[in-house]
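Reproduced below: structure.cif, with mmCIF, C-alpha atoms and all ligand atoms.
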data_protein
loop_
_atom_site.group_PDB
_atom_site.id
_atom_site.type_symbol
_atom_site.label_atom_id
_atom_site.label_comp_id
_atom_site.auth_asym_id
_atom_site.auth_seq_id
_atom_site.Cartn_x
_atom_site.Cartn_y
_atom_site.Cartn_z
ATOM 1 C CA MET A 663 33.021 31.464 26.920
ATOM 2 C CA LYS A 664 31.579 29.300 29.703
ATOM 3 C CA ASN A 665 27.898 28.983 30.337
ATOM 4 C CA THR A 666 27.927 28.126 34.015
ATOM 5 C CA LEU A 667 24.490 27.824 35.569
ATOM 6 C CA ILE A 668 23.639 29.052 39.068
ATOM 7 C CA ALA A 669 20.998 27.188 41.063
ATOM 8 C CA PRO A 670 20.000 28.826 44.362
ATOM 9 C CA SER A 671 18.895 26.232 46.927
ATOM 10 C CA VAL A 672 15.445 27.057 48.277
ATOM 11 C CA LEU A 673 16.309 25.144 51.475
ATOM 12 C CA ALA A 674 18.012 28.331 52.679
ATOM 13 C CA ALA A 675 15.043 30.597 51.853
ATOM 14 C CA ASP A 676 12.781 32.168 54.479
ATOM 15 C CA PHE A 677 9.761 29.828 54.476
ATOM 16 C CA ALA A 678 7.568 32.503 56.008
ATOM 17 C CA ASN A 679 8.387 34.660 52.983
ATOM 18 C CA LEU A 680 8.646 31.969 50.384
ATOM 19 C CA GLN A 681 6.840 33.814 47.603
ATOM 20 C CA ARG A 682 9.125 36.832 48.067
ATOM 21 C CA ASP A 683 12.208 34.588 47.841
ATOM 22 C CA ILE A 684 10.864 32.783 44.773
ATOM 23 C CA GLU A 685 10.258 36.122 43.050
ATOM 24 C CA MET A 686 13.791 37.160 43.987
ATOM 25 C CA ILE A 687 15.115 34.095 42.105
ATOM 26 C CA ASN A 688 12.713 34.719 39.182
ATOM 27 C CA ASN A 689 14.009 38.270 38.825
ATOM 28 C CA SER A 690 17.694 37.410 39.296
ATOM 29 C CA GLU A 691 20.339 35.999 36.972
ATOM 30 C CA ALA A 692 19.826 32.548 38.517
ATOM 31 C CA ASP A 693 19.194 29.730 36.053
ATOM 32 C CA TRP A 694 17.510 27.011 38.097
ATOM 33 C CA PHE A 695 15.588 26.498 41.341
ATOM 34 C CA HIS A 696 17.326 23.784 43.397
ATOM 35 C CA ILE A 697 14.804 21.963 45.597
ATOM 36 C CA ASP A 698 16.042 19.661 48.380
ATOM 37 C CA ILE A 699 13.629 16.915 49.442
ATOM 38 C CA MET A 700 14.740 14.985 52.572
ATOM 39 C CA ASP A 701 12.953 12.085 54.232
ATOM 40 C CA GLY A 702 14.675 11.771 57.604
ATOM 41 C CA VAL A 703 15.802 8.237 56.638
ATOM 42 C CA PHE A 704 18.316 8.606 53.810
ATOM 43 C CA VAL A 705 19.606 11.755 55.531
ATOM 44 C CA PRO A 706 19.294 12.768 59.181
ATOM 45 C CA ASN A 707 16.959 15.680 58.439
ATOM 46 C CA ILE A 708 13.489 16.381 57.030
ATOM 47 C CA SER A 709 13.095 19.401 54.765
ATOM 48 C CA PHE A 710 9.717 19.854 53.076
ATOM 49 C CA GLY A 711 7.514 17.788 50.820
ATOM 50 C CA MET A 712 4.868 17.718 48.147
ATOM 51 C CA PRO A 713 2.521 20.606 49.087
ATOM 52 C CA VAL A 714 5.448 22.985 49.409
ATOM 53 C CA LEU A 715 6.953 21.962 46.071
ATOM 54 C CA ASP A 716 3.509 22.320 44.488
ATOM 55 C CA ALA A 717 3.293 25.888 45.823
ATOM 56 C CA ILE A 718 6.841 26.701 44.664
ATOM 57 C CA SER A 719 6.259 25.457 41.125
ATOM 58 C CA ARG A 720 3.166 27.600 40.741
ATOM 59 C CA HIS A 721 5.351 30.712 41.131
ATOM 60 C CA ALA A 722 8.755 29.594 39.833
ATOM 61 C CA LYS A 723 9.514 30.716 36.272
ATOM 62 C CA LYS A 724 12.791 28.803 35.814
ATOM 63 C CA THR A 725 13.875 25.177 35.559
ATOM 64 C CA ILE A 726 12.987 23.174 38.668
ATOM 65 C CA ASP A 727 15.867 20.946 39.719
ATOM 66 C CA VAL A 728 14.690 18.494 42.382
ATOM 67 C CA HIS A 729 17.298 16.742 44.537
ATOM 68 C CA LEU A 730 15.765 13.714 46.237
ATOM 69 C CA MET A 731 17.541 12.696 49.437
ATOM 70 C CA ILE A 732 15.098 9.864 50.063
ATOM 71 C CA VAL A 733 15.130 6.073 50.098
ATOM 72 C CA ASP A 734 13.249 4.205 47.380
ATOM 73 C CA PRO A 735 12.812 7.217 45.059
ATOM 74 C CA ASP A 736 11.145 5.045 42.367
ATOM 75 C CA ARG A 737 7.909 5.258 44.354
ATOM 76 C CA TYR A 738 7.607 8.989 43.740
ATOM 77 C CA ILE A 739 8.838 9.594 40.176
ATOM 78 C CA THR A 740 5.363 10.199 38.703
ATOM 79 C CA THR A 741 4.399 12.394 41.654
ATOM 80 C CA PHE A 742 7.410 14.665 41.225
ATOM 81 C CA LYS A 743 6.654 15.056 37.542
ATOM 82 C CA LYS A 744 3.135 16.178 38.441
ATOM 83 C CA LEU A 745 4.557 18.590 41.020
ATOM 84 C CA GLY A 746 6.551 20.395 38.333
ATOM 85 C CA ALA A 747 10.047 18.854 38.423
ATOM 86 C CA ASP A 748 12.024 19.390 35.203
ATOM 87 C CA ILE A 749 15.113 17.562 36.459
ATOM 88 C CA LEU A 750 14.833 14.721 38.978
ATOM 89 C CA THR A 751 18.002 13.694 40.791
ATOM 90 C CA VAL A 752 18.203 10.508 42.844
ATOM 91 C CA HIS A 753 21.076 9.352 45.032
ATOM 92 C CA TYR A 754 23.326 6.591 43.739
ATOM 93 C CA GLU A 755 23.374 5.213 47.288
ATOM 94 C CA ALA A 756 19.561 4.949 47.381
ATOM 95 C CA CYS A 757 19.072 3.017 44.121
ATOM 96 C CA THR A 758 19.494 -0.728 43.755
ATOM 97 C CA HIS A 759 18.622 -0.640 40.056
ATOM 98 C CA LEU A 760 19.902 2.766 39.028
ATOM 99 C CA HIS A 761 19.632 2.163 35.276
ATOM 100 C CA ARG A 762 15.945 1.289 35.614
ATOM 101 C CA THR A 763 15.315 4.348 37.781
ATOM 102 C CA LEU A 764 16.946 6.630 35.199
ATOM 103 C CA GLN A 765 14.802 5.185 32.420
ATOM 104 C CA ALA A 766 11.668 5.684 34.527
ATOM 105 C CA ILE A 767 12.535 9.359 35.125
ATOM 106 C CA LYS A 768 13.086 9.938 31.410
ATOM 107 C CA ALA A 769 9.884 8.095 30.505
ATOM 108 C CA GLU A 770 8.057 10.800 32.488
ATOM 109 C CA GLY A 771 9.706 13.464 30.323
ATOM 110 C CA MET A 772 12.155 14.741 32.954
ATOM 111 C CA LYS A 773 15.932 15.007 32.813
ATOM 112 C CA ALA A 774 17.596 12.355 34.965
ATOM 113 C CA GLY A 775 20.197 13.210 37.600
ATOM 114 C CA VAL A 776 22.339 11.113 39.936
ATOM 115 C CA ALA A 777 23.806 12.520 43.150
ATOM 116 C CA LEU A 778 26.912 11.056 44.796
ATOM 117 C CA ASN A 779 27.808 11.333 48.467
ATOM 118 C CA PRO A 780 31.319 12.602 49.191
ATOM 119 C CA HIS A 781 32.651 9.084 49.836
ATOM 120 C CA THR A 782 31.191 7.496 46.695
ATOM 121 C CA ASN A 783 33.680 6.801 43.924
ATOM 122 C CA ILE A 784 33.059 8.457 40.551
ATOM 123 C CA ASP A 785 34.120 5.296 38.690
ATOM 124 C CA LEU A 786 30.840 3.651 39.772
ATOM 125 C CA LEU A 787 29.017 5.822 37.209
ATOM 126 C CA GLU A 788 31.181 4.892 34.241
ATOM 127 C CA ASP A 789 28.847 2.209 32.836
ATOM 128 C CA VAL A 790 25.756 4.371 33.072
ATOM 129 C CA ILE A 791 27.131 7.836 32.306
ATOM 130 C CA GLN A 792 25.520 8.077 28.864
ATOM 131 C CA ASP A 793 22.118 7.673 30.499
ATOM 132 C CA ILE A 794 22.659 10.516 32.998
ATOM 133 C CA ASP A 795 21.797 14.131 32.156
ATOM 134 C CA LEU A 796 23.216 15.553 35.390
ATOM 135 C CA VAL A 797 25.657 14.273 38.012
ATOM 136 C CA CYS A 798 25.283 16.110 41.309
ATOM 137 C CA LEU A 799 28.517 15.839 43.266
ATOM 138 C CA MET A 800 27.871 16.404 46.949
ATOM 139 C CA SER A 801 30.585 18.659 48.302
ATOM 140 C CA VAL A 802 29.190 18.284 51.847
ATOM 141 C CA ASN A 803 27.444 15.359 53.517
ATOM 142 C CA PRO A 804 23.809 15.700 52.425
ATOM 143 C CA GLY A 805 21.156 16.714 54.922
ATOM 144 C CA PHE A 806 21.909 20.283 55.913
ATOM 145 C CA GLY A 807 22.658 23.656 54.404
ATOM 146 C CA GLY A 808 25.458 25.870 55.652
ATOM 147 C CA GLN A 809 28.221 23.251 55.961
ATOM 148 C CA SER A 810 31.761 23.754 54.790
ATOM 149 C CA PHE A 811 32.998 22.634 51.406
ATOM 150 C CA ILE A 812 34.985 19.371 51.127
ATOM 151 C CA GLU A 813 38.200 20.134 49.215
ATOM 152 C CA ASN A 814 38.474 16.679 47.611
ATOM 153 C CA THR A 815 35.570 17.728 45.361
ATOM 154 C CA TYR A 816 37.908 19.426 42.852
ATOM 155 C CA ALA A 817 39.661 16.120 42.148
ATOM 156 C CA LYS A 818 36.305 14.379 41.780
ATOM 157 C CA VAL A 819 35.107 16.948 39.248
ATOM 158 C CA GLU A 820 38.238 16.459 37.144
ATOM 159 C CA LYS A 821 37.919 12.688 37.241
ATOM 160 C CA LEU A 822 34.235 12.825 36.297
ATOM 161 C CA LYS A 823 34.886 15.294 33.473
ATOM 162 C CA ALA A 824 37.458 12.878 32.018
ATOM 163 C CA ILE A 825 34.950 9.989 32.101
ATOM 164 C CA ILE A 826 32.267 12.135 30.420
ATOM 165 C CA LYS A 827 34.716 13.094 27.647
ATOM 166 C CA ARG A 828 36.017 9.565 27.164
ATOM 167 C CA LYS A 829 32.472 8.205 26.902
ATOM 168 C CA ASN A 830 31.408 11.058 24.621
ATOM 169 C CA ALA A 831 28.487 11.865 26.937
ATOM 170 C CA SER A 832 26.757 15.221 27.343
ATOM 171 C CA THR A 833 26.252 14.911 31.111
ATOM 172 C CA LYS A 834 26.408 18.142 33.121
ATOM 173 C CA ILE A 835 28.291 18.302 36.422
ATOM 174 C CA GLU A 836 26.547 20.020 39.338
ATOM 175 C CA ILE A 837 28.213 20.870 42.653
ATOM 176 C CA ASP A 838 26.082 20.942 45.778
ATOM 177 C CA GLY A 839 27.166 22.133 49.220
ATOM 178 C CA GLY A 840 29.315 24.908 50.609
ATOM 179 C CA VAL A 841 29.614 26.778 47.310
ATOM 180 C CA THR A 842 30.794 30.383 47.736
ATOM 181 C CA SER A 843 32.600 33.030 45.700
ATOM 182 C CA LYS A 844 35.838 31.541 47.099
ATOM 183 C CA ASN A 845 35.538 28.138 45.413
ATOM 184 C CA ALA A 846 33.211 28.871 42.461
ATOM 185 C CA LYS A 847 35.837 29.688 39.843
ATOM 186 C CA GLN A 848 38.095 26.791 40.771
ATOM 187 C CA LEU A 849 35.130 24.418 40.481
ATOM 188 C CA VAL A 850 34.347 25.681 36.997
ATOM 189 C CA ASP A 851 38.031 25.421 36.032
ATOM 190 C CA ALA A 852 37.912 21.778 37.148
ATOM 191 C CA GLY A 853 34.855 21.135 34.913
ATOM 192 C CA ALA A 854 31.688 22.047 36.843
ATOM 193 C CA ASP A 855 28.672 23.246 34.811
ATOM 194 C CA VAL A 856 26.106 24.021 37.527
ATOM 195 C CA LEU A 857 26.682 25.472 40.995
ATOM 196 C CA VAL A 858 24.084 25.124 43.740
ATOM 197 C CA ALA A 859 24.284 27.817 46.416
ATOM 198 C CA GLY A 860 22.020 27.999 49.453
ATOM 199 C CA SER A 861 23.264 29.851 52.483
ATOM 200 C CA PHE A 862 25.808 31.873 50.512
ATOM 201 C CA VAL A 863 22.947 33.430 48.532
ATOM 202 C CA PHE A 864 20.208 33.700 51.157
ATOM 203 C CA ASN A 865 22.395 34.833 54.063
ATOM 204 C CA ALA A 866 23.860 37.611 51.941
ATOM 205 C CA GLU A 867 22.721 41.172 52.473
ATOM 206 C CA ASN A 868 21.803 41.351 48.793
ATOM 207 C CA PRO A 869 20.914 37.890 47.417
ATOM 208 C CA THR A 870 20.182 39.189 43.890
ATOM 209 C CA GLN A 871 23.593 40.827 43.694
ATOM 210 C CA THR A 872 25.254 37.718 45.160
ATOM 211 C CA ILE A 873 23.725 35.589 42.390
ATOM 212 C CA ALA A 874 24.925 38.109 39.790
ATOM 213 C CA ASN A 875 28.428 38.020 41.286
ATOM 214 C CA LEU A 876 28.521 34.203 41.186
ATOM 215 C CA LYS A 877 27.343 34.323 37.588
ATOM 216 C CA ASN A 878 30.064 36.828 36.673
ATOM 217 C CA LEU A 879 32.795 34.915 38.452
ATOM 218 C CA THR A 880 31.976 31.670 36.674
ATOM 219 C CA ASN A 881 31.326 32.824 33.125
ATOM 220 C CA PHE A 882 34.630 33.745 31.582
HETATM 221 C C1 LIG A 901 22.423 19.634 51.300
HETATM 222 C C2 LIG A 901 21.590 20.111 50.159
HETATM 223 C C3 LIG A 901 22.107 21.343 49.531
HETATM 224 C C4 LIG A 901 22.060 22.554 50.426
HETATM 225 C C5 LIG A 901 23.174 23.476 50.013
HETATM 226 O O1 LIG A 901 22.009 18.384 51.678
HETATM 227 O O2 LIG A 901 21.550 19.124 49.137
HETATM 228 O O3 LIG A 901 21.430 21.639 48.303
HETATM 229 O O4 LIG A 901 20.828 23.224 50.370
HETATM 230 O O5 LIG A 901 23.269 24.479 50.949
HETATM 231 P P1 LIG A 901 24.602 25.335 51.148
HETATM 232 O O6 LIG A 901 24.862 26.047 49.862
HETATM 233 O O7 LIG A 901 24.231 26.244 52.276
HETATM 234 O O8 LIG A 901 25.700 24.376 51.502
HETATM 235 ZN ZN ZN A 902 20.774 19.727 47.107
#

Could you write out this file's structure as structure tokens?
Ligand code: DX5
Ligand code: ZN
Amino acid sequence: MKNTLIAPSVLAADFANLQRDIEMINNSEADWFHIDIMDGVFVPNISFGMPVLDAISRHAKKTIDVHLMIVDPDRYITTFKKLGADILTVHYEACTHLHRTLQAIKAEGMKAGVALNPHTNIDLLEDVIQDIDLVCLMSVNPGFGGQSFIENTYAKVEKLKAIIKRKNASTKIEIDGGVTSKNAKQLVDAGADVLVAGSFVFNAENPTQTIANLKNLTNF
């Protein structure tokens, strides 16, 4: 039996009703809170920053999975720990010394994640895979919610799964962008462990039920 985790992306929540949406996730079958931090430099959009994450973590009762879409993430590792991050994911493309960054995240007591843009080759992680707790495969170009899923992601998941097995690592594979009930099962079949879903959950008439459906579809 699979244990696929569902991580609703708070980027798609209603920020004027943020507490309501956080409680919805708390009371649902969701496993993690996915938090997208954008700086307007690494990606062409700005989401929200420290005070908002601080407010979210005071109400969130599940694992806080922070996805940093920012340049020079090393500057903020300690800050994100203080703000309540349990998992801190940096972009491969934003780190000159990725191994050092991963060690710094772990030294703060967080799990270390690496996100890859759609064009970035999986093989680039081979020499560092044992140091990574979570690989976040971007299945859209980062920066915006509500985009459509890039089909090449399935092949990337399979390739990454093979590297993880060959290296005897325990890294989890997370998929981020355009996840819906249409691609969820196929992603898990390919080897995905965690599915992020933003607009599919929050634009649904019944977000709680939509999370439960995703959970059902992917745990078989
Ligand atoms: C995109 C973000 C995603 C986004 C997913 O840059 O990293 O986490 O919120 O949103 P959907 O599920 O709407 O594609
Ligand atoms: Zn994300």

Could you give me, as a tab-separated table (two decimals) with C-alpha atoms, keeping the file's coordinate frame, every polymer residue with an atom at most 6 Å away from an atom of ligand ZN 902 (chain A), counting all atoms listed in the file?
chain	number	residue	atom	x	y	z
A	698	ASP	CA	16.04	19.66	48.38
A	729	HIS	CA	17.30	16.74	44.54
A	838	ASP	CA	26.08	20.94	45.78

Legend entry - Nearby residues, ligand LIG 901 (chain A), 7 Å, all atoms listed in the file, as a PyMOL selection string: chain A and resi 671-674+696+698+729+802-810+838-841+858-862

Inset, instruction - Pull out every residue that the PyMOL selection byres (((chain A and resi 756) around 9) and not hetatm) matches in the shown coordinates and put them as a list in words. - result: Phe704, Met731, Ile732, Val733, Asp734, Pro735, Val752, His753, Tyr754, Glu755, Cys757, Thr758 and Leu760 of chain A

Legend entry - Residue with smallest distance to Ile684 in chain A - pool A:Ile784, A:Val856, A:Met800, A:Ile697, counting all atoms listed in the file: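 Closest to Ile684 in chain A of all the choices is A:Ile697.
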
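The spacing separating CA of Glu813 in chain A from CA of Gln848 in chain A amounts to 10.8 Å.
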
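Compared by their closest atoms to Lys724 in chain A, and using all atoms listed in the file, the residues A:Ile708, A:Leu876, A:Ile794, A:Ala669 rank with A:Ala669 nearest.
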
Inset, instruction - Kindly resolve the PyMOL selection byres (((chain A and resi 872-875) around 10) and not hetatm) on the present coordinates and return the residues as a ChimeraX atom specification. - result: /A:668-670,687,690-693,842-843,859,862-871,876-880

Inset, instruction - For Gln792 in chain A, please output as a ChimeraX atom specification all residues within 12 Å (counting all atoms listed in the file; exclusion window: fewer than 5 positions along the same chain). - result: /A:761,764-765,774-776,787,797,825-834

Legend entry - Among the residues A:Met772, A:Ser801, A:Ser719, A:Lys823, the one that comes closest to Glu788 in chain A [using only C-alpha atoms]: A:Lys823

Legend entry - Point-to-point distance from CA of Phe811 in chain A to CA of Ala846 in chain A, Å rounded to tenths: 10.9 Å
